[in-house]
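Colleague: First the structure, then my questions, so here it is.
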Amino acid sequence: MNEKIINILLIEDDEVDVMNVKRAFKKNNITNPLVVANNGLDALQYLRKTQLEKPSELPRIILLDLNMPKMGGIEFLKELRHDEHLKNLSVFIMTTSNEDRDKIDAYNLNVAGYILKPLSMDRFIEAVSTLNNYWKLCEFPD
Ligand SMILES: [Mg+2]
């Protein structure tokens, strides 16, 4: 199994949701570096800069909210999938949107999963534990 610690990018505009993810990481003893961006635009900027300057630190896993100011999740995904250097990143949607349209759009843009909020804190911690088991199991390119 790859011992390399992968970086994770959380794209979320809601401060409480950001805190909940951080809390779930702590509860599950997940030590992967977690970078937070508050909208799709900031996230793209961060990813492109990191890819250019420190490609080894490029987050392989993205946790993505859908409803955000400036650039929402679906628009972000479209940009990501058209970017030669970023199109292969694994993205999990974490959203309150139960709309079929969003689910269809997201899976058409090759998301690895679509998780509906809100979960209770216990269930959320469990969900993050499941994600952690997934990315611990997976091999990623260096
Ligand atoms: Mg939001």
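Ordering of the structure tokens sets the chain letters (A, B, ...), residue numbers begin anew at 1 in every chain, and ligands are numbered from 1 in the order given.
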Using only C-alpha atoms and all ligand atoms, determine which residues fall within 12 Å of ligand 1, then list them as number ranges by chain.
Modeller: A: 10-18, 37-40, 64-73, 93-97, 117-118
Colleague: Generate the output file for the selected residues, N, CA and C atoms, as a CSV table (one decimal), in the first residue's frame.
Modeller:
```csv
chain,number,residue,atom,x,y,z
A,10,LEU,N,-11.0,20.5,0.7
A,10,LEU,CA,-12.4,20.6,1.0
A,10,LEU,C,-12.9,22.0,0.4
A,11,ILE,N,-13.9,21.9,-0.5
A,11,ILE,CA,-14.4,23.1,-1.1
A,11,ILE,C,-15.8,23.3,-0.5
A,12,GLU,N,-16.0,24.3,0.4
A,12,GLU,CA,-17.2,24.5,1.2
A,12,GLU,C,-17.3,25.9,1.6
A,13,ASP,N,-18.5,26.5,1.4
A,13,ASP,CA,-18.6,27.9,1.9
A,13,ASP,C,-19.2,28.1,3.3
A,14,ASP,N,-19.7,27.0,3.8
A,14,ASP,CA,-20.4,27.1,5.1
A,14,ASP,C,-19.4,26.7,6.2
A,15,GLU,N,-19.1,27.7,7.1
A,15,GLU,CA,-18.1,27.6,8.2
A,15,GLU,C,-18.5,26.4,9.1
A,16,VAL,N,-19.7,26.2,9.4
A,16,VAL,CA,-20.1,25.1,10.3
A,16,VAL,C,-19.8,23.8,9.6
A,17,ASP,N,-20.1,23.7,8.3
A,17,ASP,CA,-19.8,22.4,7.6
A,17,ASP,C,-18.2,22.2,7.6
A,18,VAL,N,-17.5,23.2,7.4
A,18,VAL,CA,-16.0,23.1,7.5
A,18,VAL,C,-15.6,22.6,8.8
A,37,ALA,N,-11.1,25.6,0.7
A,37,ALA,CA,-11.4,26.7,-0.2
A,37,ALA,C,-12.9,27.0,-0.1
A,38,ASN,N,-13.2,28.2,-0.2
A,38,ASN,CA,-14.6,28.6,0.1
A,38,ASN,C,-15.5,28.6,-1.1
A,39,ASN,N,-15.0,28.5,-2.3
A,39,ASN,CA,-15.8,28.4,-3.5
A,39,ASN,C,-15.0,27.8,-4.6
A,40,GLY,N,-15.6,27.5,-5.7
A,40,GLY,CA,-15.0,26.8,-6.8
A,40,GLY,C,-13.8,27.6,-7.5
A,64,LEU,N,-16.5,18.2,-2.2
A,64,LEU,CA,-17.0,19.3,-2.9
A,64,LEU,C,-18.5,19.6,-2.5
A,65,ASP,N,-18.8,20.8,-2.0
A,65,ASP,CA,-20.1,21.3,-1.8
A,65,ASP,C,-20.7,21.8,-3.2
A,66,LEU,N,-22.0,21.8,-3.4
A,66,LEU,CA,-22.5,22.3,-4.6
A,66,LEU,C,-22.9,23.7,-4.6
A,67,ASN,N,-23.7,24.1,-3.6
A,67,ASN,CA,-24.2,25.5,-3.6
A,67,ASN,C,-23.2,26.4,-2.9
A,68,MET,N,-22.5,27.2,-3.7
A,68,MET,CA,-21.5,28.2,-3.2
A,68,MET,C,-21.5,29.4,-4.0
A,69,PRO,N,-21.1,30.6,-3.4
A,69,PRO,CA,-21.1,31.8,-4.2
A,69,PRO,C,-19.9,31.8,-5.2
A,70,LYS,N,-19.9,32.7,-6.1
A,70,LYS,CA,-18.8,32.9,-7.1
A,70,LYS,C,-18.7,31.7,-8.1
A,71,MET,N,-18.5,30.5,-7.7
A,71,MET,CA,-18.5,29.3,-8.5
A,71,MET,C,-19.0,28.1,-7.8
A,72,GLY,N,-20.1,27.6,-8.2
A,72,GLY,CA,-20.7,26.4,-7.5
A,72,GLY,C,-20.0,25.1,-7.9
A,73,GLY,N,-20.4,24.0,-7.3
A,73,GLY,CA,-19.7,22.8,-7.4
A,73,GLY,C,-19.8,22.2,-8.9
A,93,ILE,N,-19.0,14.6,-3.8
A,93,ILE,CA,-19.9,15.6,-3.5
A,93,ILE,C,-20.5,15.5,-2.1
A,94,MET,N,-20.5,16.6,-1.4
A,94,MET,CA,-21.2,16.6,-0.1
A,94,MET,C,-22.1,17.8,-0.1
A,95,THR,N,-23.4,17.5,-0.2
A,95,THR,CA,-24.3,18.6,-0.5
A,95,THR,C,-25.7,18.4,0.2
A,96,THR,N,-26.4,19.4,0.4
A,96,THR,CA,-27.8,19.3,0.8
A,96,THR,C,-28.8,19.2,-0.4
A,97,SER,N,-28.3,19.3,-1.6
A,97,SER,CA,-29.1,19.2,-2.8
A,97,SER,C,-29.5,17.7,-3.1
A,117,LYS,N,-26.2,15.8,2.7
A,117,LYS,CA,-26.2,16.3,4.0
A,117,LYS,C,-27.6,16.7,4.4
A,118,PRO,N,-28.0,17.0,5.6
A,118,PRO,CA,-27.2,16.8,6.7
A,118,PRO,C,-27.3,15.4,7.3
```
Colleague: Quick one: residues within 8 Å of Ala112 of chain A, only C-alpha atoms counted, chain neighbours fewer than 5 positions away excluded, as a ChimeraX atom specification?
Modeller: /A:90-92,107
Colleague: Give me the residues of segment 20-83 of chain A that have any atom at most 12 Å from an atom of segment 134-137 of chain A; for each, the nearest atom pair and the distance in Å, rounded to one decimal. Use only C-alpha atoms, sort by chain and number, and format it as JSON lines.
Modeller:
```
{"residue": "A:Ile30", "atom": "CA", "partner": "A:Lys136", "partner_atom": "CA", "distance": 10.3}
{"residue": "A:Thr31", "atom": "CA", "partner": "A:Lys136", "partner_atom": "CA", "distance": 11.5}
{"residue": "A:Asn32", "atom": "CA", "partner": "A:Lys136", "partner_atom": "CA", "distance": 10.3}
{"residue": "A:Pro59", "atom": "CA", "partner": "A:Trp135", "partner_atom": "CA", "distance": 11.6}
{"residue": "A:Arg60", "atom": "CA", "partner": "A:Trp135", "partner_atom": "CA", "distance": 9.1}
{"residue": "A:Ile61", "atom": "CA", "partner": "A:Trp135", "partner_atom": "CA", "distance": 7.9}
{"residue": "A:Ile62", "atom": "CA", "partner": "A:Trp135", "partner_atom": "CA", "distance": 11.0}
```
Colleague: Write the residues of the selection above to a file with C-alpha atoms, as a short mmCIF file (atom, residue, chain, number, x, y, z; two decimals), in the first residue's frame.
Modeller:
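And here is the file that came out, part-v3.cif:
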```
data_model
loop_
_atom_site.label_atom_id
_atom_site.label_comp_id
_atom_site.auth_asym_id
_atom_site.auth_seq_id
_atom_site.Cartn_x
_atom_site.Cartn_y
_atom_site.Cartn_z
CA ILE A 30 -7.26 11.23 9.97
CA THR A 31 -4.00 13.09 9.68
CA ASN A 32 -4.05 13.89 5.96
CA PRO A 59 -4.71 17.08 -3.45
CA ARG A 60 -5.78 13.74 -4.96
CA ILE A 61 -9.14 13.84 -3.17
CA ILE A 62 -11.64 16.68 -3.27
#
```
Colleague: Looking only at the backbone, which of the residues in chain A does DSSP tag as helix (DSSP H, G or I), as a ChimeraX atom specification?
Modeller: /A:15-27,40-53,55-57,73-81,100-108,121-137
Colleague: Out of chain A, which residues get strand (DSSP E) from DSSP, as a VMD selection string?
Modeller: chain A and resid 8 to 11 34 to 37 61 to 64 90 to 95 113 to 116
Colleague: For Asp142 of chain A, list every protein, DNA or RNA residue within 12 Å, evaluated using only C-alpha atoms, and leave out those in the same chain fewer than 6 positions away; present the list as a count of residues only.
Modeller: 11
Colleague: If you measure from atom CA of Leu77 of chain A to atom CA of Asp105 of chain A, what distance in Å do you get, rounded to one decimal?
Modeller: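 Rounded to one decimal, the two atoms are 9.4 Å apart.
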Colleague: Would you work out the distance separating atom CA of Val35 of chain A from atom CA of Ile8 of chain A, expressed in Å to one decimal?
Modeller: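 Between atom CA of Val35 of chain A and atom CA of Ile8 of chain A the gap is 6.2 Å.
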Colleague: Would you compute the distance between atom CA of Asp42 of chain A and atom CA of Glu99 of chain A? Give it in Å to one decimal.
Modeller: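 These two atoms are separated by 24.9 Å.
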Colleague: For a quick check of understanding, using only C-alpha atoms, which of A:Asn28, A:Asn108, A:Asn20, A:Asn7 has the smallest distance to Glu126 of chain A?
Modeller: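 Using only C-alpha atoms, Glu126 of chain A sits closest to A:Asn28.
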Colleague: Pick from A:Glu53, A:Asp102, A:Glu79, A:Glu84: nearest to Tyr114 of chain A, with only C-alpha atoms counted?
Modeller: A:Asp102
